[in-house]
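J.: Sharing model-v2.txt below, compact mmCIF, C-alpha atoms:
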```txt
# COMPACT_ATOMS: atom_id res chain seq x y z
CA MET Q 1 184.57 192.35 105.64
CA ALA Q 2 187.10 189.54 106.10
CA ALA Q 3 189.89 192.08 106.67
CA ARG Q 4 187.97 193.78 109.44
CA ILE Q 5 187.23 190.44 111.14
CA LEU Q 6 190.96 189.51 111.07
CA HIS Q 7 191.77 192.93 112.48
CA ARG Q 8 189.41 192.37 115.40
CA LEU Q 9 190.86 188.91 116.09
CA ARG Q 10 194.39 190.35 116.24
CA HIS Q 11 193.30 192.93 118.78
CA ALA Q 12 191.66 190.23 120.89
CA LEU Q 13 194.79 188.03 120.84
CA ALA Q 14 197.04 190.92 121.64
CA GLY Q 15 195.14 191.37 124.91
CA GLU Q 16 193.99 194.86 124.35
CA GLY Q 17 191.79 196.30 126.99
CA GLY Q 18 188.07 196.28 127.00
CA ARG Q 19 187.88 199.99 126.45
CA GLU Q 20 189.94 199.97 123.29
CA GLU Q 21 188.12 196.90 122.03
CA ARG Q 22 184.73 198.48 122.73
CA ALA Q 23 185.83 201.73 121.16
CA HIS Q 24 187.12 200.12 118.00
CA GLY Q 25 184.38 197.45 117.98
CA GLY Q 26 181.58 199.97 118.55
CA SER Q 27 182.65 202.23 115.72
CA GLU Q 28 183.16 199.29 113.37
CA ALA Q 29 179.85 197.73 114.38
CA GLU Q 30 178.09 200.94 113.57
CA ASP Q 31 179.84 201.21 110.21
CA CYS Q 32 179.88 197.55 109.20
CA PRO Q 33 177.41 195.25 111.00
CA GLU Q 34 178.21 192.29 108.74
CA SER Q 35 179.06 189.92 111.62
CA SER Q 36 175.65 190.15 113.24
CA GLU Q 37 173.96 189.86 109.87
CA LEU Q 38 176.01 186.76 109.06
CA GLU Q 39 174.99 185.01 112.27
CA ASP Q 40 171.31 185.93 111.88
CA ASP Q 41 171.27 184.92 108.23
CA THR Q 42 172.92 181.61 109.01
CA GLU Q 43 170.29 180.72 111.59
CA GLY Q 44 167.50 181.87 109.30
CA LEU Q 45 168.99 180.05 106.33
CA SER Q 46 169.22 176.72 108.17
CA THR Q 47 165.66 177.11 109.35
CA ARG Q 48 164.48 177.88 105.83
CA LEU Q 49 166.32 174.98 104.25
CA SER Q 50 164.75 172.56 106.70
CA GLY Q 51 161.29 173.78 105.72
CA THR Q 52 159.99 175.23 102.45
CA LEU Q 53 163.23 175.94 100.57
CA SER Q 54 162.96 179.73 100.74
CA PHE Q 55 165.95 182.10 100.67
CA THR Q 56 164.13 185.21 101.89
CA SER Q 57 164.33 187.02 105.22
CA HIS Q 58 161.50 187.52 107.72
CA GLU Q 59 160.68 190.98 106.42
CA GLU Q 60 160.52 189.71 102.86
CA GLU Q 61 158.27 186.85 104.00
CA GLU Q 62 155.80 189.30 105.47
CA ASP Q 63 155.82 191.21 102.20
CA GLU Q 64 155.27 187.97 100.28
CA ASP Q 65 152.38 186.98 102.52
CA GLU Q 66 150.73 190.26 101.70
CA ASP Q 67 151.45 189.71 98.01
CA GLU Q 68 149.95 186.20 98.15
CA GLU Q 69 146.80 187.56 99.75
CA ASP Q 70 146.61 190.00 96.84
CA GLY Q 71 147.19 187.12 94.38
CA ALA Q 72 150.63 188.36 93.22
CA GLY Q 73 153.21 185.87 94.52
CA GLU Q 74 156.34 186.07 92.37
CA GLU Q 75 158.87 183.94 94.26
CA LEU Q 76 161.66 182.52 92.10
CA GLY Q 77 161.09 178.94 91.00
CA GLU Q 78 157.41 178.94 91.93
CA PRO Q 79 155.41 176.69 89.58
CA PRO Q 80 152.16 177.77 87.98
CA GLN Q 81 149.13 177.82 90.23
CA PRO Q 82 148.57 174.23 91.41
CA THR Q 83 145.27 172.54 90.77
CA GLY Q 84 143.25 169.87 92.51
CA ALA Q 85 144.16 168.41 95.84
CA ALA Q 86 147.76 169.65 95.73
CA ALA Q 87 146.62 173.26 95.71
CA GLY Q 88 144.35 172.78 98.68
CA ALA Q 89 147.03 170.98 100.67
CA GLU Q 90 149.89 173.41 100.04
CA ASP Q 91 148.19 176.76 100.53
CA GLY Q 92 144.72 177.22 101.93
CA GLU Q 93 144.51 180.92 100.95
CA TRP Q 94 144.73 180.58 97.17
CA GLY Q 95 141.05 180.77 96.34
CA PRO Q 96 138.71 178.25 94.66
CA ALA Q 97 141.31 175.53 94.18
CA ALA Q 98 141.47 175.07 97.94
CA GLU Q 99 137.77 174.25 98.24
CA ARG Q 100 138.14 170.50 98.35
CA PRO Q 101 134.48 169.37 98.46
CA GLY Q 102 133.47 171.61 95.56
CA GLY Q 103 136.59 170.74 93.57
CA SER Q 104 136.11 166.99 93.94
CA LEU Q 105 132.42 167.34 93.07
CA LEU Q 106 133.32 169.24 89.94
CA THR Q 107 135.86 166.55 89.03
CA ARG Q 108 133.26 163.80 89.40
CA GLN Q 109 130.78 165.75 87.30
CA LEU Q 110 133.35 166.26 84.55
CA GLN Q 111 134.27 162.57 84.57
CA GLU Q 112 130.64 161.54 84.33
CA LEU Q 113 130.03 164.04 81.54
CA TRP Q 114 133.06 162.69 79.69
CA ARG Q 115 131.80 159.10 79.96
CA LYS Q 116 128.35 160.07 78.66
CA SER Q 117 129.74 162.18 75.84
CA ARG Q 118 132.14 159.43 74.79
CA GLY Q 119 129.26 156.99 74.52
CA SER Q 120 127.04 159.41 72.64
CA LEU Q 121 129.61 160.92 70.30
CA ALA Q 122 131.18 157.59 69.32
CA PRO Q 123 128.33 155.09 68.98
CA GLN Q 124 129.32 151.52 68.40
CA ARG Q 125 128.61 150.19 64.92
CA LEU Q 126 128.88 146.70 63.57
CA LEU Q 127 131.19 146.44 60.59
CA PHE Q 128 131.29 143.58 58.10
CA GLU Q 129 134.66 142.98 56.47
CA VAL Q 130 135.50 140.31 53.91
CA THR Q 131 138.99 139.30 54.92
CA SER Q 132 139.59 136.50 52.44
CA ALA Q 133 138.02 134.64 49.52
CA SER Q 134 139.06 131.20 48.34
CA VAL Q 135 138.00 129.13 45.36
CA VAL Q 136 136.71 125.72 46.48
CA SER Q 137 136.54 122.84 44.03
CA GLU Q 138 134.37 119.83 44.88
CA ARG Q 139 133.34 116.80 42.87
CA SER Q 140 130.52 118.41 40.94
CA SER Q 141 130.79 122.10 41.81
CA LYS Q 142 133.18 124.98 42.10
CA TYR Q 143 132.47 128.11 44.13
CA VAL Q 144 134.07 131.00 46.02
CA LEU Q 145 133.96 130.93 49.82
CA TYR Q 146 134.03 134.38 51.44
CA THR Q 147 135.30 134.77 55.02
CA ILE Q 148 133.66 137.69 56.81
CA TYR Q 149 134.62 139.25 60.15
CA LEU Q 150 132.05 140.98 62.36
CA ILE Q 151 133.82 143.92 64.00
CA ARG Q 152 132.48 146.38 66.56
CA SER Q 153 133.83 149.85 65.87
CA GLY Q 154 135.44 151.58 68.84
CA ARG Q 155 136.17 148.34 70.69
CA PHE Q 156 138.94 145.76 70.70
CA ASP Q 157 137.74 142.17 70.43
CA LYS Q 158 140.19 139.57 71.66
CA ALA Q 159 138.74 136.82 69.47
CA PRO Q 160 137.07 137.45 66.11
CA ALA Q 161 133.54 136.46 65.17
CA THR Q 162 133.70 134.97 61.68
CA ILE Q 163 131.45 133.35 59.11
CA ALA Q 164 132.26 131.67 55.80
CA ARG Q 165 129.56 131.97 53.12
CA ARG Q 166 129.29 131.42 49.38
CA TYR Q 167 127.32 133.39 46.81
CA SER Q 168 124.29 131.05 47.01
CA ASP Q 169 124.02 131.72 50.78
CA PHE Q 170 123.84 135.48 50.18
CA GLU Q 171 121.38 134.96 47.35
CA ARG Q 172 119.11 132.85 49.57
CA LEU Q 173 119.17 135.53 52.30
CA ASN Q 174 118.37 138.24 49.76
CA ARG Q 175 115.43 136.26 48.38
CA ARG Q 176 113.95 135.52 51.84
CA LEU Q 177 114.22 139.11 52.99
CA ARG Q 178 112.64 140.49 49.80
CA CYS Q 179 109.69 138.16 50.26
CA ARG Q 180 109.08 139.42 53.81
CA PHE Q 181 110.35 143.02 53.72
CA GLY Q 182 109.56 144.11 50.17
CA CYS Q 183 109.36 147.85 50.90
CA ASP Q 184 112.48 147.98 53.08
CA MET Q 185 114.49 145.91 50.59
CA ALA Q 186 113.56 148.11 47.62
CA GLY Q 187 116.66 150.27 48.06
CA VAL Q 188 119.08 147.48 48.97
CA ALA Q 189 121.49 146.54 46.17
CA PHE Q 190 122.63 142.98 45.58
CA PRO Q 191 125.34 141.84 43.13
CA ARG Q 192 124.00 140.10 40.05
CA LYS Q 193 124.80 136.55 39.17
CA ARG Q 194 127.29 136.10 36.34
CA LEU Q 195 127.45 133.28 33.87
CA ARG Q 196 131.15 133.69 33.11
CA ARG Q 197 134.29 135.00 34.75
CA ASN Q 198 133.03 134.24 38.27
CA PHE Q 199 136.46 133.22 39.53
CA THR Q 200 138.60 136.10 38.32
CA ALA Q 201 140.30 138.29 40.89
CA GLU Q 202 138.39 141.35 39.68
CA THR Q 203 134.99 139.69 40.08
CA ILE Q 204 135.85 138.30 43.53
CA ALA Q 205 137.07 141.71 44.72
CA LYS Q 206 133.96 143.50 43.46
CA ARG Q 207 131.65 140.94 45.06
CA SER Q 208 133.55 141.16 48.34
CA ARG Q 209 132.92 144.90 48.54
CA ALA Q 210 129.31 144.41 47.42
CA PHE Q 211 128.65 141.81 50.14
CA GLU Q 212 130.09 144.15 52.79
CA GLN Q 213 127.78 146.95 51.68
CA PHE Q 214 124.84 144.55 51.42
CA LEU Q 215 125.20 143.33 55.03
CA SER Q 216 125.84 146.84 56.36
CA HIS Q 217 122.71 148.13 54.64
CA LEU Q 218 120.62 145.28 56.06
CA HIS Q 219 121.97 145.85 59.55
CA SER Q 220 121.07 149.55 59.38
CA ILE Q 221 117.34 148.68 59.04
CA ALA Q 222 115.95 147.91 62.50
CA GLU Q 223 113.20 145.48 61.45
CA ILE Q 224 115.54 143.47 59.26
CA ARG Q 225 118.31 143.54 61.85
CA ARG Q 226 116.04 141.85 64.40
CA SER Q 227 114.47 139.37 62.00
CA PRO Q 228 115.23 135.64 62.39
CA GLU Q 229 116.10 135.40 58.69
CA PHE Q 230 118.92 137.90 59.09
CA LEU Q 231 120.17 136.59 62.45
CA GLU Q 232 120.15 132.91 61.54
CA PHE Q 233 122.16 133.67 58.41
CA PHE Q 234 125.09 134.33 60.74
CA PHE Q 235 124.98 131.71 63.49
CA LEU Q 236 122.51 128.91 62.61
CA GLN Q 237 125.11 126.97 60.62
CA ASP Q 238 127.54 127.13 63.55
CA LEU Q 239 124.87 125.94 65.99
CA GLN Q 240 124.00 122.98 63.79
CA ALA Q 241 127.64 122.03 63.30
CA ALA Q 242 128.40 122.37 67.02
CA GLN Q 243 125.41 120.20 67.90
CA ARG Q 244 126.57 117.45 65.52
CA LEU Q 245 130.10 117.55 66.92
CA THR Q 246 128.78 117.36 70.48
CA CYS Q 247 126.59 114.37 69.67
CA THR Q 248 129.56 112.51 68.20
CA GLY Q 249 131.76 113.23 71.22
CA MET Q 250 134.16 115.63 69.45
CA TYR Q 251 134.04 118.08 72.32
CA ARG Q 252 137.19 120.06 71.53
CA GLU Q 253 136.04 120.82 67.99
CA ALA Q 254 132.50 121.46 69.20
CA LEU Q 255 133.76 123.89 71.83
CA ALA Q 256 135.43 126.11 69.21
CA THR Q 257 132.24 126.15 67.12
CA TRP Q 258 130.01 126.92 70.13
CA ALA Q 259 132.41 129.74 71.08
CA ASN Q 260 132.23 131.32 67.62
CA ALA Q 261 128.41 131.10 67.72
CA TYR Q 262 128.55 132.84 71.11
CA ARG Q 263 130.65 135.69 69.71
CA LEU Q 264 128.40 136.08 66.67
CA GLN Q 265 125.29 136.43 68.83
CA ASP Q 266 127.14 138.82 71.12
CA ARG Q 267 128.12 141.07 68.18
CA LEU Q 268 124.57 141.00 66.83
CA GLY Q 269 123.11 141.89 70.24
CA VAL Q 270 120.88 138.84 70.76
CA CYS Q 271 122.27 137.59 74.07
CA GLY Q 272 118.82 137.05 75.61
CA SER Q 273 117.33 134.69 73.04
CA GLY Q 274 116.66 130.98 73.28
CA ARG Q 275 119.46 130.30 70.80
CA PHE Q 276 121.90 132.05 73.10
CA LEU Q 277 120.81 129.92 76.07
CA LEU Q 278 121.33 126.83 73.94
CA THR Q 279 124.79 128.12 73.07
CA LEU Q 280 125.62 128.51 76.77
CA ALA Q 281 124.39 124.95 77.35
CA GLY Q 282 126.71 123.69 74.61
CA LEU Q 283 129.66 125.57 76.08
CA ALA Q 284 128.92 124.25 79.58
CA VAL Q 285 128.61 120.64 78.39
CA CYS Q 286 131.82 120.74 76.34
CA HIS Q 287 133.81 122.44 79.13
CA GLN Q 288 132.56 119.87 81.62
CA GLU Q 289 133.43 116.94 79.33
CA LEU Q 290 136.93 118.40 78.91
CA ASP Q 291 137.33 118.76 82.72
CA GLU Q 292 137.30 122.56 82.49
CA LEU Q 293 134.94 122.85 85.43
CA GLY Q 294 135.53 126.51 86.22
CA GLU Q 295 134.58 127.58 82.70
CA ALA Q 296 131.53 125.29 82.74
CA HIS Q 297 130.44 126.80 86.05
CA GLY Q 298 130.76 130.31 84.61
CA CYS Q 299 128.55 129.41 81.63
CA CYS Q 300 125.86 128.06 83.96
CA GLU Q 301 126.00 131.19 86.09
CA GLN Q 302 125.57 133.42 83.04
CA ALA Q 303 122.60 131.36 81.87
CA LEU Q 304 120.95 131.51 85.29
CA GLN Q 305 121.34 135.28 85.35
CA LEU Q 306 119.50 135.47 82.02
CA LEU Q 307 116.81 133.14 83.37
CA GLU Q 308 116.43 135.13 86.59
CA ALA Q 309 113.41 137.09 85.39
CA GLN Q 310 111.69 134.11 83.77
CA GLY Q 311 109.35 132.06 85.91
CA SER Q 312 109.70 128.87 83.89
CA HIS Q 313 111.89 127.72 81.02
CA PRO Q 314 112.71 124.25 79.68
CA LEU Q 315 116.41 124.81 80.39
CA LEU Q 316 116.00 126.28 83.89
CA GLY Q 317 115.93 122.94 85.75
CA PRO Q 318 118.86 121.41 83.81
CA PHE Q 319 120.94 124.56 84.28
CA LEU Q 320 120.22 124.61 88.04
CA GLN Q 321 121.16 120.95 88.42
CA ALA Q 322 124.38 121.44 86.48
CA HIS Q 323 125.21 124.59 88.45
CA VAL Q 324 124.76 122.87 91.82
CA HIS Q 325 126.96 119.97 90.76
CA LEU Q 326 129.69 122.21 89.30
CA ALA Q 327 129.60 124.59 92.27
CA TRP Q 328 130.21 121.64 94.59
CA LYS Q 329 133.11 120.52 92.39
CA VAL Q 330 134.86 123.89 92.25
CA GLY Q 331 134.00 124.96 95.80
CA LYS Q 332 131.59 127.80 94.97
CA ASP Q 333 128.42 128.87 96.74
CA LYS Q 334 125.43 126.78 95.61
CA ARG Q 335 122.80 127.74 98.17
CA ARG Q 336 120.85 130.03 95.88
CA SER Q 337 120.63 127.40 93.13
CA GLU Q 338 119.58 124.78 95.66
CA ALA Q 339 116.81 127.07 96.89
CA ARG Q 340 115.57 127.64 93.34
CA LEU Q 341 115.68 123.89 92.71
CA GLN Q 342 113.56 123.36 95.80
CA ASP Q 343 111.01 125.87 94.51
CA LEU Q 344 110.88 124.04 91.17
CA ARG Q 345 110.45 120.72 92.95
CA GLU Q 346 107.47 122.03 94.87
CA ALA Q 347 105.87 123.71 91.87
CA GLY Q 348 106.35 121.14 89.13
CA PRO Q 349 107.15 117.52 88.26
CA PRO Q 350 109.96 115.67 90.03
CA LEU Q 351 113.42 116.69 88.91
CA GLN Q 352 114.33 113.04 88.31
CA GLN Q 353 112.05 113.14 85.24
CA GLN Q 354 113.76 116.21 83.78
CA PRO Q 355 116.53 115.68 81.19
CA THR Q 356 120.09 116.68 81.87
CA LEU Q 357 121.69 119.66 80.17
CA LYS Q 358 123.45 117.40 77.69
CA GLU Q 359 120.24 115.57 76.82
CA CYS Q 360 118.45 118.86 76.21
CA LEU Q 361 121.29 119.97 73.99
CA ILE Q 362 121.21 116.81 71.86
CA LYS Q 363 117.42 116.69 71.49
CA GLU Q 364 116.94 120.39 70.64
CA PRO Q 365 115.86 120.72 66.99
CA LEU Q 366 117.88 123.26 65.04
CA GLU Q 367 116.28 123.98 61.68
```
How would this structure read if it were set down as structure tokens?
T.:
Amino acid sequence: MAARILHRLRHALAGEGGREERAHGGSEAEDCPESSELEDDTEGLSTRLSGTLSFTSHEEEEDEDEDEEDGAGEELGEPPQPTGAAAGAEDGEWGPAAERPGGSLLTRQLQELWRKSRGSLAPQRLLFEVTSASVVSERSSKYVLYTIYLIRSGRFDKAPATIARRYSDFERLNRRLRCRFGCDMAGVAFPRKRLRRNFTAETIAKRSRAFEQFLSHLHSIAEIRRSPEFLEFFFLQDLQAAQRLTCTGMYREALATWANAYRLQDRLGVCGSGRFLLTLAGLAVCHQELDELGEAHGCCEQALQLLEAQGSHPLLGPFLQAHVHLAWKVGKDKRRSEARLQDLREAGPPLQQQPTLKECLIKEPLE
């Protein structure tokens, strides 16, 4: 083709007449129409490259359109059939994938089904794991102290909920539960007390596993799991220790103990009880004494949300007063708490006679 083009250029430069040029050009154009094809292809190619990156001619495009309508597009480099929004945006004639409302509805339904199935197929369980055991020697006694973590399966807890108990604590719990739940406790095993070799590694390891199974078995029984004997075994000691530390002004140490009691009650699922409200009061008081006003405000807000459905509670007025004061300090909205305080003022004794949150915390008996 290049030789013929050079031949035509030589004839044009030599000044040959129009007749000879038309005669030679006409015969060559009929035999070899590459020049016209080259110009057409160049224009078509530039147009294609600026658009959808296709190297086919117009006739082939029409054939491909027909093939696409039949569902048989076989263009080179074409990915598998797109799904979702990309399919609907690129080609509106490719069937169900292009139906955006139905497709998005199906996606939402699948997501909702996945959330429900994940919650039902992987229920959360509370696990009890003895992580360490140490021999403690005091003046007149020697015992093993077991450290136990409360872990929720299927979830990551940033801070652990821990207890430290000795054999006599487990034995006391076992005795109290057998007195109240004799039938339910009939099948619950408890490790026997030994007169010798209580401090060997083998005995400590066996008791550690036995205590884990003992607590797991108790937690699997609904009536025992909700009983005050079982619940207070975990967090009553922390509440008492935190109250003593708060009374003596050791707010930093008290805050850590209140926080562990909070996590224990959260793991055990008793976040609506009176003990939990007292725990929030302890956290709020310690945060406020340590000038952590934002955290104290958050504790008061959580307590007021729990008290929302209750018409009256001994801690409602003190929490409202503390919340109004802290909201003013941190620049938060306090109008709702002020309105509830006004309702309490009209319905009950003057608020000046009510104790503060700290006074309620110190005077609350924990036995």
J.: I'd like the contact shell of Q:Gly298 - 10 Å cut-off, all atoms listed in the file, skipping same-chain residues fewer than 4 positions apart - returned as a tab-separated table (two decimals) with C-alpha atoms, in the frame of the given file.
T.:
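Dumped everything to around_24.tsv:
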```tsv
chain	number	residue	atom	x	y	z
Q	280	LEU	CA	125.62	128.51	76.77
Q	283	LEU	CA	129.66	125.57	76.08
Q	284	ALA	CA	128.92	124.25	79.58
Q	293	LEU	CA	134.94	122.85	85.43
Q	294	GLY	CA	135.53	126.51	86.22
Q	302	GLN	CA	125.57	133.42	83.04
Q	303	ALA	CA	122.60	131.36	81.87
Q	304	LEU	CA	120.95	131.51	85.29
Q	323	HIS	CA	125.21	124.59	88.45
Q	326	LEU	CA	129.69	122.21	89.30
Q	327	ALA	CA	129.60	124.59	92.27
```
J.: Just give me the gap between atom CA of Q:Phe235 and atom CA of Q:Cys271 in Å, one decimal is fine.
T.: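 Those two atoms sit 12.4 Å apart.
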J.: For Q:Asp169, list every protein, DNA or RNA residue within 12 Å, evaluated using all atoms listed in the file, and leave out those in the same chain fewer than 4 positions away; present the list as a PDB file with C-alpha atoms, in the coordinates of the input.
T.:
```pdb
ATOM      1  CA  TYR Q 143     132.470 128.110  44.130  1.00  0.00           C
ATOM      2  CA  VAL Q 144     134.070 131.000  46.020  1.00  0.00           C
ATOM      3  CA  LEU Q 145     133.960 130.930  49.820  1.00  0.00           C
ATOM      4  CA  TYR Q 146     134.030 134.380  51.440  1.00  0.00           C
ATOM      5  CA  ILE Q 163     131.450 133.350  59.110  1.00  0.00           C
ATOM      6  CA  ALA Q 164     132.260 131.670  55.800  1.00  0.00           C
ATOM      7  CA  ARG Q 165     129.560 131.970  53.120  1.00  0.00           C
ATOM      8  CA  LEU Q 173     119.170 135.530  52.300  1.00  0.00           C
ATOM      9  CA  ASN Q 174     118.370 138.240  49.760  1.00  0.00           C
ATOM     10  CA  ARG Q 175     115.430 136.260  48.380  1.00  0.00           C
ATOM     11  CA  ARG Q 176     113.950 135.520  51.840  1.00  0.00           C
ATOM     12  CA  PHE Q 211     128.650 141.810  50.140  1.00  0.00           C
ATOM     13  CA  GLU Q 229     116.100 135.400  58.690  1.00  0.00           C
ATOM     14  CA  PHE Q 230     118.920 137.900  59.090  1.00  0.00           C
ATOM     15  CA  GLU Q 232     120.150 132.910  61.540  1.00  0.00           C
ATOM     16  CA  PHE Q 233     122.160 133.670  58.410  1.00  0.00           C
ATOM     17  CA  PHE Q 234     125.090 134.330  60.740  1.00  0.00           C
ATOM     18  CA  GLN Q 237     125.110 126.970  60.620  1.00  0.00           C
TER      19      GLN Q 237
END
```
J.: Quote the spacing between atom CA of Q:Phe170 and atom CA of Q:Ser208 in Å to one decimal place.
T.: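 Taking atom CA of Q:Phe170 and atom CA of Q:Ser208, their separation equals 11.4 Å.
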J.: Between Q:Asn260, Q:Thr107, Q:Gln310, Q:Gln321, single out the one closest to Q:Ala159, counting only C-alpha atoms.
T.: Q:Asn260
